[in-house]
$ cat input.cif   # mmCIF, C-alpha atoms
data_model
#
loop_
_atom_site.label_atom_id
_atom_site.label_comp_id
_atom_site.auth_asym_id
_atom_site.auth_seq_id
_atom_site.Cartn_x
_atom_site.Cartn_y
_atom_site.Cartn_z
CA MET E 6 16.06 54.33 17.24
CA ALA E 7 16.30 53.64 13.51
CA ASP E 8 19.89 54.84 13.54
CA ARG E 9 20.72 51.98 15.86
CA ARG E 10 19.47 49.42 13.39
CA THR E 11 22.94 48.60 12.26
CA ALA E 12 24.78 45.57 11.02
CA GLU E 13 23.36 43.67 13.99
CA ALA E 14 20.09 43.32 12.09
CA GLU E 15 21.56 42.96 8.64
CA ILE E 16 23.41 39.73 9.23
CA GLY E 17 21.98 36.85 7.21
CA ASP E 18 20.61 33.75 8.82
CA PRO E 19 23.39 31.18 9.20
CA ASP E 20 20.91 28.39 9.98
CA LEU E 21 18.96 28.47 6.71
CA ASP E 22 20.97 25.78 4.96
CA LEU E 23 20.64 23.40 7.92
CA LEU E 24 16.90 24.05 8.10
CA ARG E 25 16.49 23.26 4.42
CA ARG E 26 18.39 20.00 4.87
CA ILE E 27 16.34 19.10 7.95
CA GLY E 28 13.27 19.58 5.78
CA THR E 29 14.47 16.72 3.61
CA GLY E 30 14.96 14.46 6.63
CA ASP E 31 18.74 14.89 6.85
CA GLY E 32 19.76 13.47 10.24
CA ALA E 33 23.25 14.95 10.11
CA ALA E 34 21.75 18.40 9.69
CA CYS E 35 19.54 17.80 12.74
CA ALA E 36 22.60 16.87 14.80
CA ALA E 37 24.50 19.91 13.54
CA LEU E 38 21.64 22.21 14.51
CA VAL E 39 21.46 20.66 17.97
CA ASP E 40 25.20 21.10 18.45
CA ARG E 41 25.00 24.69 17.32
CA HIS E 42 22.15 25.76 19.61
CA LEU E 43 21.53 23.32 22.47
CA ARG E 44 24.13 24.83 24.81
CA ARG E 45 22.80 28.38 24.45
CA ILE E 46 19.18 27.31 24.74
CA THR E 47 19.89 25.26 27.87
CA GLY E 48 21.82 28.20 29.30
CA LEU E 49 18.95 30.56 28.59
CA ALA E 50 16.43 28.24 30.21
CA GLY E 51 18.76 27.74 33.18
CA HIS E 52 19.05 31.47 33.81
CA MET E 53 15.31 31.92 33.39
CA LEU E 54 14.22 29.00 35.57
CA GLY E 55 17.04 28.59 38.06
CA ASN E 56 16.65 24.83 37.95
CA LYS E 57 18.59 22.33 35.87
CA ALA E 58 15.89 19.67 35.48
CA ASP E 59 13.31 22.24 34.35
CA ALA E 60 15.81 23.90 32.05
CA GLU E 61 16.58 20.60 30.32
CA ASP E 62 12.86 19.79 29.99
CA VAL E 63 12.33 23.14 28.31
CA ALA E 64 15.31 22.67 26.02
CA GLN E 65 13.90 19.32 24.90
CA ASP E 66 10.48 20.89 24.28
CA VAL E 67 12.11 23.67 22.28
CA PHE E 68 13.75 21.18 19.96
CA LEU E 69 10.50 19.27 19.52
CA ARG E 70 9.11 22.51 18.15
CA VAL E 71 12.21 22.93 16.03
CA TRP E 72 11.65 19.54 14.39
CA GLN E 73 8.05 20.51 13.69
CA GLN E 74 8.92 23.94 12.35
CA ALA E 75 12.13 23.33 10.41
CA PRO E 76 10.59 21.81 7.26
CA LYS E 77 8.14 24.70 7.06
CA TRP E 78 10.72 27.40 7.82
CA ARG E 79 10.53 30.41 5.51
CA SER E 80 13.47 32.77 5.33
CA GLY E 81 12.91 36.47 5.67
CA GLU E 82 10.31 36.39 8.42
CA ALA E 83 12.61 36.12 11.42
CA LYS E 84 16.09 34.93 12.09
CA PHE E 85 15.96 31.33 13.26
CA SER E 86 17.98 32.05 16.41
CA THR E 87 15.57 34.88 17.27
CA TRP E 88 12.62 32.52 16.91
CA LEU E 89 14.47 29.90 18.96
CA HIS E 90 15.06 32.37 21.79
CA ARG E 91 11.43 33.50 21.65
CA VAL E 92 10.12 29.95 21.90
CA THR E 93 12.46 29.24 24.81
CA VAL E 94 11.47 32.39 26.68
CA ASN E 95 7.78 31.63 26.15
CA LEU E 96 8.13 28.06 27.39
CA CYS E 97 10.07 29.25 30.44
CA THR E 98 7.43 31.88 31.16
CA ASP E 99 4.67 29.26 30.97
CA ARG E 100 6.59 27.03 33.33
CA LEU E 101 7.23 29.86 35.79
CA ARG E 102 3.54 30.74 35.81
CA ARG E 103 2.57 27.14 36.45
CA ARG E 104 5.18 26.95 39.18
CA ARG E 105 3.74 30.08 40.81
CA GLU E 106 0.29 28.59 40.68
CA THR E 107 1.31 25.31 42.27
CA THR E 108 3.64 26.54 44.97
CA LEU E 109 4.60 29.70 46.73
CA GLU E 110 7.94 28.30 47.71
CA ALA E 111 11.12 29.27 45.96
CA ALA E 112 12.36 27.26 42.99
CA GLY E 113 14.18 24.03 43.63
CA ASP E 114 17.83 23.42 43.13
CA PRO E 115 20.26 26.18 42.34
CA ALA E 116 20.29 26.97 38.68
CA SER E 117 23.74 26.22 37.68
CA GLU E 118 25.98 23.32 37.88
CA ALA E 119 29.39 23.80 39.33
CA PRO E 120 30.16 25.91 42.30
CA LEU E 121 30.91 22.87 44.41
CA PRO E 122 31.95 23.34 48.03
CA ASP E 123 35.61 22.95 47.19
CA ALA E 124 35.26 25.81 44.70
CA GLY E 125 34.41 28.03 47.62
CA LEU E 126 31.29 28.14 49.74
CA GLN E 127 31.19 31.91 49.59
CA GLU E 128 31.17 31.93 45.83
CA ALA E 129 28.39 29.33 45.81
CA ALA E 130 26.42 31.49 48.23
CA VAL E 131 26.79 34.46 45.91
CA VAL E 132 25.49 32.42 42.99
CA VAL E 133 22.44 31.33 44.99
CA ARG E 134 21.83 34.90 46.10
CA VAL E 135 22.03 36.29 42.58
CA GLN E 136 19.71 33.58 41.28
CA ALA E 137 17.23 34.37 44.02
CA ALA E 138 17.37 38.06 43.14
CA LEU E 139 16.80 37.30 39.46
CA ALA E 140 13.83 35.14 40.43
CA GLN E 141 12.31 38.09 42.31
CA LEU E 142 12.29 40.34 39.26
CA PRO E 143 9.06 40.85 37.33
CA GLU E 144 9.09 38.37 34.47
CA ARG E 145 9.66 40.84 31.61
CA GLN E 146 12.57 42.49 33.44
CA ARG E 147 14.16 39.10 34.05
CA GLU E 148 13.70 38.13 30.39
CA ALA E 149 15.39 41.35 29.27
CA ILE E 150 18.35 40.88 31.58
CA VAL E 151 18.82 37.23 30.73
CA LEU E 152 18.68 37.93 26.98
CA CYS E 153 21.05 40.91 27.05
CA HIS E 154 23.42 40.04 29.88
CA TYR E 155 23.67 36.25 29.77
CA GLN E 156 22.77 35.47 26.16
CA GLU E 157 24.58 38.60 25.00
CA LEU E 158 22.03 39.31 22.30
CA GLY E 159 22.23 42.68 20.60
CA ASN E 160 19.55 45.15 21.61
CA ILE E 161 17.64 44.78 18.35
CA GLU E 162 17.55 40.98 18.48
CA ALA E 163 16.60 40.99 22.18
CA ALA E 164 13.79 43.45 21.42
CA ASP E 165 12.66 41.21 18.54
CA VAL E 166 12.64 38.17 20.82
CA MET E 167 10.50 40.04 23.33
CA GLU E 168 8.38 41.62 20.57
CA LEU E 169 8.83 45.15 21.82
CA SER E 170 10.71 48.30 20.85
CA VAL E 171 14.35 48.92 21.69
CA ASP E 172 13.27 51.83 23.93
CA ALA E 173 10.93 49.54 25.86
CA LEU E 174 13.70 46.96 26.17
CA GLU E 175 16.08 49.58 27.59
CA SER E 176 13.45 50.65 30.07
CA LEU E 177 12.95 47.07 31.26
CA LEU E 178 16.70 46.54 31.51
CA ALA E 179 17.24 49.71 33.52
CA ARG E 180 14.42 48.90 35.93
CA GLY E 181 15.62 45.33 36.30
CA ARG E 182 19.20 46.34 37.00
CA ARG E 183 18.05 48.99 39.47
CA ARG E 184 16.05 46.38 41.37
CA LEU E 185 18.94 43.91 41.32
CA ARG E 186 21.21 46.59 42.65
CA GLN E 187 18.83 47.14 45.56
CA LEU E 188 18.56 43.43 46.27
CA LEU E 189 22.20 42.53 45.88
CA ILE E 190 24.27 45.57 46.73
CA GLU E 191 22.27 47.95 48.88
CA GLU E 192 20.61 45.27 51.02
CA VAL E 193 23.69 43.02 51.21
CA PRO E 194 26.66 45.38 51.09
CA ASP E 195 29.19 42.61 51.79
CA LEU E 196 28.09 40.44 48.91
CA THR E 197 30.53 41.84 46.38
CA GLY E 198 33.31 41.28 48.92
CA SER E 199 32.54 37.55 48.77
CA MET E 200 33.69 37.41 45.19
CA PRO E 201 37.18 36.11 44.52
CA MET C 16 31.51 60.67 11.56
CA THR C 17 29.34 59.75 14.53
CA GLU C 18 27.78 62.44 16.66
CA PRO C 19 29.33 62.97 20.08
CA MET C 20 27.50 61.21 22.88
CA THR C 21 26.12 63.10 25.83
CA LEU C 22 26.88 62.05 29.38
CA GLU C 23 23.15 61.62 29.89
CA ARG C 24 22.91 59.10 27.04
CA LEU C 25 25.93 57.20 28.32
CA ARG C 26 24.29 56.94 31.74
CA VAL C 27 21.16 55.55 30.10
CA LEU C 28 23.28 52.97 28.26
CA ILE C 29 25.11 51.93 31.42
CA ALA C 30 21.87 51.77 33.41
CA ALA C 31 20.39 49.43 30.79
CA TYR C 32 23.27 47.33 29.54
CA GLY C 33 25.80 47.57 32.35
CA GLY C 34 29.40 48.63 32.20
CA ASN C 35 30.75 46.26 29.55
CA PRO C 36 30.93 48.09 26.20
CA GLU C 37 30.56 44.71 24.43
CA ARG C 38 26.92 44.74 25.51
CA TRP C 39 26.20 48.25 24.26
CA PRO C 40 24.47 48.85 20.93
CA LEU C 41 27.05 48.48 18.21
CA ALA C 42 26.29 51.82 16.55
CA GLU C 43 26.80 53.76 19.80
CA ARG C 44 30.01 52.18 21.00
CA PRO C 45 32.50 54.47 19.25
CA ALA C 46 30.83 57.61 20.56
CA ALA C 47 30.47 56.12 24.03
CA GLU C 48 34.11 55.09 24.16
CA ALA C 49 35.19 58.53 22.95
CA LEU C 50 33.20 60.09 25.77
CA LEU C 51 34.75 57.71 28.30
CA ALA C 52 38.21 58.69 27.10
CA ARG C 53 37.63 62.38 27.73
CA SER C 54 35.22 62.48 30.68
CA PRO C 55 36.04 61.50 34.30
CA GLU C 56 32.31 61.60 35.08
CA ALA C 57 31.69 59.04 32.35
CA ARG C 58 34.37 56.79 33.80
CA ALA C 59 32.84 57.15 37.25
CA ALA C 60 29.44 56.09 35.89
CA LEU C 61 31.09 53.05 34.35
CA ALA C 62 32.86 52.11 37.58
CA ASP C 63 29.57 52.42 39.43
CA ALA C 64 28.06 49.63 37.29
CA GLU C 65 30.90 47.21 37.83
CA PRO C 66 29.85 45.56 41.13
CA LEU C 67 26.47 44.48 39.75
CA ASP C 68 28.08 43.19 36.55
CA THR C 69 30.53 41.16 38.63
CA LEU C 70 27.72 39.61 40.64
CA LEU C 71 25.68 38.76 37.55
CA ASP C 72 28.73 37.23 35.91
CA ALA C 73 29.18 34.94 38.91
CA VAL C 74 26.23 32.82 37.77
CA PRO C 75 27.59 30.38 35.21
CA ALA C 76 25.56 29.14 32.28
CA LEU C 77 24.11 25.68 32.54
CA SER C 78 25.61 23.11 30.18
CA PRO C 79 23.38 20.50 28.57
CA SER C 80 23.99 16.99 29.82
CA PRO C 81 24.89 14.26 27.31
CA ALA C 82 21.53 12.64 28.18
CA LEU C 83 19.72 15.79 27.07
CA ARG C 84 21.51 15.84 23.73
CA ALA C 85 20.65 12.18 23.23
CA ALA C 86 17.00 12.79 24.11
CA VAL C 87 16.76 15.74 21.72
CA LEU C 88 18.25 13.71 18.90
CA ALA C 89 15.97 10.77 19.72
CA ASP C 90 13.00 13.03 18.97
CA MET C 91 14.15 13.46 15.38
CA PRO C 92 12.23 10.50 13.87
CA GLN C 93 9.01 12.38 14.59
CA LEU C 94 9.75 14.25 11.39
CA ALA C 95 8.82 11.19 9.39
CA ARG C 96 5.86 10.26 11.57
CA SER C 97 4.21 13.63 11.18
CA GLY C 98 4.33 13.36 7.41
CA ARG C 99 6.65 16.26 6.87
CA ILE C 100 9.03 14.15 4.83
CA GLY C 101 6.18 13.03 2.59
CA TRP C 102 3.78 10.11 2.64
CA TRP C 103 5.90 7.99 0.30
CA ASP C 104 8.98 8.27 2.55
CA GLY C 105 6.88 7.30 5.54
CA LEU C 106 5.43 4.33 3.69
CA ARG C 107 8.87 3.27 2.50
CA SER C 108 10.16 3.46 6.10
CA LEU C 109 7.31 1.23 7.24
CA LEU C 110 8.03 -1.29 4.52
CA ILE C 111 11.70 -1.34 5.39
CA GLU C 112 10.95 -1.62 9.10
CA PHE C 113 8.54 -4.55 8.74
CA SER C 114 10.21 -6.42 5.93
CA GLY C 115 13.31 -7.79 7.55
CA LEU C 116 13.00 -11.09 5.67
CA PRO C 117 13.44 -10.82 1.90
CA ALA C 118 10.47 -13.14 1.34
CA VAL C 119 8.18 -10.80 3.21
CA ARG C 120 8.89 -7.81 1.01
CA PRO C 121 7.13 -9.00 -2.17
CA LEU C 122 4.15 -10.09 -0.08
CA LEU C 123 3.88 -6.63 1.44
CA VAL C 124 4.15 -4.94 -1.91
CA ALA C 125 1.60 -7.34 -3.43
CA SER C 126 -0.87 -6.79 -0.61
CA LEU C 127 -0.40 -3.05 -0.88
CA LEU C 128 -1.09 -3.10 -4.62
CA LEU C 129 -4.08 -5.40 -4.13
CA GLY C 130 -5.45 -3.04 -1.51
CA LEU C 131 -5.03 -0.03 -3.76
CA PHE C 132 -6.68 -1.89 -6.66
CA ALA C 133 -9.58 -3.14 -4.56
CA GLY C 134 -10.13 0.21 -2.89
CA GLY C 135 -9.65 2.37 -5.93
CA TYR C 136 -11.06 0.30 -8.81
CA LEU C 137 -13.31 -2.54 -7.68
CA GLY C 138 -15.09 -0.32 -5.25
CA GLU C 139 -16.06 2.08 -7.98
CA ASP C 140 -19.78 2.62 -8.55
CA THR C 141 -21.00 -0.20 -6.34
CA THR C 142 -22.67 1.91 -3.73
CA THR C 143 -24.77 4.17 -5.88
CA GLU C 144 -28.03 2.81 -7.11
CA THR C 145 -29.31 4.53 -10.20
CA SER C 146 -32.96 4.87 -11.04
CA THR C 147 -32.54 2.20 -13.78
CA ASP C 148 -31.28 -0.25 -11.16
CA LEU C 149 -34.33 0.45 -9.04
CA VAL C 150 -36.71 -0.11 -11.97
CA GLN C 151 -35.12 -3.48 -12.76
CA LEU C 152 -35.34 -4.50 -9.12
CA ALA C 153 -38.96 -3.56 -9.15
CA VAL C 154 -39.64 -5.62 -12.27
CA TYR C 155 -38.04 -8.75 -10.83
CA ASP C 156 -39.37 -8.34 -7.33
CA ASP C 157 -43.02 -9.17 -7.01
CA ALA C 158 -43.13 -7.72 -3.59
CA TYR C 159 -42.12 -4.29 -4.84
CA THR C 160 -44.64 -1.57 -4.22
CA GLU C 161 -44.27 2.05 -4.88
CA TYR C 162 -44.70 4.28 -1.89
#

$ encode --input "input.cif" --output "structure tokens"
Amino acid sequence: MADRRTAEAEIGDPDLDLLRRIGTGDGAACAALVDRHLRRITGLAGHMLGNKADAEDVAQDVFLRVWQQAPKWRSGEAKFSTWLHRVTVNLCTDRLRRRRETTLEAAGDPASEAPLPDAGLQEAAVVVRVQAALAQLPERQREAIVLCHYQELGNIEAADVMELSVDALESLLARGRRRLRQLLIEEVPDLTGSMP
Amino acid sequence: MTEPMTLERLRVLIAAYGGNPERWPLAERPAAEALLARSPEARAALADAEPLDTLLDAVPALSPSPALRAAVLADMPQLARSGRIGWWDGLRSLLIEFSGLPAVRPLLVASLLLGLFAGGYLGEDTTTETSTDLVQLAVYDDAYTEY
């Protein structure tokens, strides 16, 4: 897989300057870092947890860790965004495990904002169905799909976030997509017809 | 020149990453797209992945609420509290915070200096009794007996 380690991994870390400034207590740098990453981190947590309140709790926890870590950040060990994704995934995983321990019922509210009734009940039903299918995946398969499909990370960065090889990532992705296909297409053949 | 991709490898890519070439590994895209251009079987494999991609794309990403952004930014002052900005900056913040009246500021500084002086200088050597001290105590204290 070494031949696939291309420019994706060679890109420098665009957050280093902000991190250095945060280390000196620069509030503007803190705000800039939040504006750069909060949306993606909240999105990641939303796709992992399927619940807005939990996703926002996790995003806030992630940034608490950012404030602790930023002044100590050392370049060259990991890209900051990779670390940020890893922390988010780990916090989501902890929360999902606790949720499983406390209740056997499905997660609360639908993950995403939007599809309101006037946007089409069928479309909203599809969203709920897809979220439910994602929630049924084994946790590592769900992580892989969320990182590659929704976060659109390159395969090397997604593998780094999950601390596994690219081959192992591809295996998880393929198994996850196969299971989703069963749940969403083979068991509910009309579902794709509900899409606009 | 990249090596030609096999249909088998393209199927593995599609099975893992779906049918959108934007999600495929960067280094393999040219070869994969070349294969798609010349192979109907490759195009069929791509079309087969499309329904699942469409369903996954139906789930929008959550956007952070303004309240979340405000809460995250409100956590920032913890930098100073945890000492990561340095003890002097933390001390200076405390002085600024509690010295709203100009008259209070010199008092705070004076009490700080007095505290440092008393703790660091006056306290020196007052807790350790040397053997000479004990002998003098013994001389002046009639009740002293050696055990």

$ residues_around --input "input.cif" --residues "Ala179 (chain E)" --least-positions-apart "5" --cutoff "12 Å" --atoms "only C-alpha atoms" --output "list in words"
Arg145, Gln146, Arg147, Ala149, Ile150, Cys153, Asp172, Ala173, Leu174, Arg184, Leu185 and Arg186 of chain E; Arg26, Val27, Leu28, Ile29, Ala30, Ala31, Tyr32, Gly33 and Ala64 of chain C

$ resolve_selection --input "input.cif" --expression "the PyMOL selection byres ((chain C) within 9 of (chain E))" --output "PDB file with C-alpha atoms, in the frame of the given file"
ATOM      1  CA  VAL C  27      21.160  55.550  30.100  1.00  0.00           C
ATOM      2  CA  LEU C  28      23.280  52.970  28.260  1.00  0.00           C
ATOM      3  CA  ILE C  29      25.110  51.930  31.420  1.00  0.00           C
ATOM      4  CA  ALA C  30      21.870  51.770  33.410  1.00  0.00           C
ATOM      5  CA  ALA C  31      20.390  49.430  30.790  1.00  0.00           C
ATOM      6  CA  TYR C  32      23.270  47.330  29.540  1.00  0.00           C
ATOM      7  CA  GLY C  33      25.800  47.570  32.350  1.00  0.00           C
ATOM      8  CA  GLU C  37      30.560  44.710  24.430  1.00  0.00           C
ATOM      9  CA  ARG C  38      26.920  44.740  25.510  1.00  0.00           C
ATOM     10  CA  TRP C  39      26.200  48.250  24.260  1.00  0.00           C
ATOM     11  CA  PRO C  40      24.470  48.850  20.930  1.00  0.00           C
ATOM     12  CA  LEU C  41      27.050  48.480  18.210  1.00  0.00           C
ATOM     13  CA  ALA C  42      26.290  51.820  16.550  1.00  0.00           C
ATOM     14  CA  GLU C  43      26.800  53.760  19.800  1.00  0.00           C
ATOM     15  CA  PRO C  66      29.850  45.560  41.130  1.00  0.00           C
ATOM     16  CA  LEU C  67      26.470  44.480  39.750  1.00  0.00           C
ATOM     17  CA  ASP C  68      28.080  43.190  36.550  1.00  0.00           C
ATOM     18  CA  THR C  69      30.530  41.160  38.630  1.00  0.00           C
ATOM     19  CA  LEU C  70      27.720  39.610  40.640  1.00  0.00           C
ATOM     20  CA  LEU C  71      25.680  38.760  37.550  1.00  0.00           C
ATOM     21  CA  ASP C  72      28.730  37.230  35.910  1.00  0.00           C
ATOM     22  CA  ALA C  73      29.180  34.940  38.910  1.00  0.00           C
ATOM     23  CA  VAL C  74      26.230  32.820  37.770  1.00  0.00           C
ATOM     24  CA  PRO C  75      27.590  30.380  35.210  1.00  0.00           C
ATOM     25  CA  ALA C  76      25.560  29.140  32.280  1.00  0.00           C
ATOM     26  CA  LEU C  77      24.110  25.680  32.540  1.00  0.00           C
ATOM     27  CA  SER C  78      25.610  23.110  30.180  1.00  0.00           C
ATOM     28  CA  PRO C  79      23.380  20.500  28.570  1.00  0.00           C
ATOM     29  CA  SER C  80      23.990  16.990  29.820  1.00  0.00           C
ATOM     30  CA  LEU C  83      19.720  15.790  27.070  1.00  0.00           C
ATOM     31  CA  ARG C  84      21.510  15.840  23.730  1.00  0.00           C
ATOM     32  CA  ALA C  86      17.000  12.790  24.110  1.00  0.00           C
ATOM     33  CA  VAL C  87      16.760  15.740  21.720  1.00  0.00           C
ATOM     34  CA  LEU C  88      18.250  13.710  18.900  1.00  0.00           C
ATOM     35  CA  ASP C  90      13.000  13.030  18.970  1.00  0.00           C
ATOM     36  CA  MET C  91      14.150  13.460  15.380  1.00  0.00           C
ATOM     37  CA  PRO C  92      12.230  10.500  13.870  1.00  0.00           C
ATOM     38  CA  GLN C  93       9.010  12.380  14.590  1.00  0.00           C
ATOM     39  CA  LEU C  94       9.750  14.250  11.390  1.00  0.00           C
ATOM     40  CA  ALA C  95       8.820  11.190   9.390  1.00  0.00           C
ATOM     41  CA  SER C  97       4.210  13.630  11.180  1.00  0.00           C
ATOM     42  CA  ARG C  99       6.650  16.260   6.870  1.00  0.00           C
ATOM     43  CA  ILE C 100       9.030  14.150   4.830  1.00  0.00           C
TER      44      ILE C 100
END

$ resolve_selection --input "input.cif" --expression "the PyMOL selection byres ((chain C and resi 47-60) around 9)" --output "PDB file with C-alpha atoms, keeping the file's coordinate frame"
ATOM      1  CA  PRO C  19      29.330  62.970  20.080  1.00  0.00           C
ATOM      2  CA  MET C  20      27.500  61.210  22.880  1.00  0.00           C
ATOM      3  CA  THR C  21      26.120  63.100  25.830  1.00  0.00           C
ATOM      4  CA  LEU C  22      26.880  62.050  29.380  1.00  0.00           C
ATOM      5  CA  ARG C  24      22.910  59.100  27.040  1.00  0.00           C
ATOM      6  CA  LEU C  25      25.930  57.200  28.320  1.00  0.00           C
ATOM      7  CA  ARG C  26      24.290  56.940  31.740  1.00  0.00           C
ATOM      8  CA  LEU C  28      23.280  52.970  28.260  1.00  0.00           C
ATOM      9  CA  ILE C  29      25.110  51.930  31.420  1.00  0.00           C
ATOM     10  CA  GLY C  34      29.400  48.630  32.200  1.00  0.00           C
ATOM     11  CA  PRO C  36      30.930  48.090  26.200  1.00  0.00           C
ATOM     12  CA  TRP C  39      26.200  48.250  24.260  1.00  0.00           C
ATOM     13  CA  GLU C  43      26.800  53.760  19.800  1.00  0.00           C
ATOM     14  CA  ARG C  44      30.010  52.180  21.000  1.00  0.00           C
ATOM     15  CA  PRO C  45      32.500  54.470  19.250  1.00  0.00           C
ATOM     16  CA  ALA C  46      30.830  57.610  20.560  1.00  0.00           C
ATOM     17  CA  LEU C  61      31.090  53.050  34.350  1.00  0.00           C
ATOM     18  CA  ALA C  62      32.860  52.110  37.580  1.00  0.00           C
ATOM     19  CA  ASP C  63      29.570  52.420  39.430  1.00  0.00           C
ATOM     20  CA  ALA C  64      28.060  49.630  37.290  1.00  0.00           C
TER      21      ALA C  64
END

$ atom_distance --input "input.cif" --atom1 "CA of Phe85 (chain E)" --atom2 "CA of Leu24 (chain E)"
9.0 Å

$ residues_around --input "input.cif" --residues "Gly17 (chain E)" --least-positions-apart "5" --cutoff "12 Å" --atoms "all atoms listed in the file" --output "PyMOL selection string"
chain E and resi 12+22+80-86

$ atom_distance --input "input.cif" --atom1 "CA of Arg105 (chain E)" --atom2 "CA of Thr93 (chain E)"
18.2 Å

$ atom_distance --input "input.cif" --atom1 "CA of Leu54 (chain E)" --atom2 "CA of Val94 (chain E)"
9.9 Å
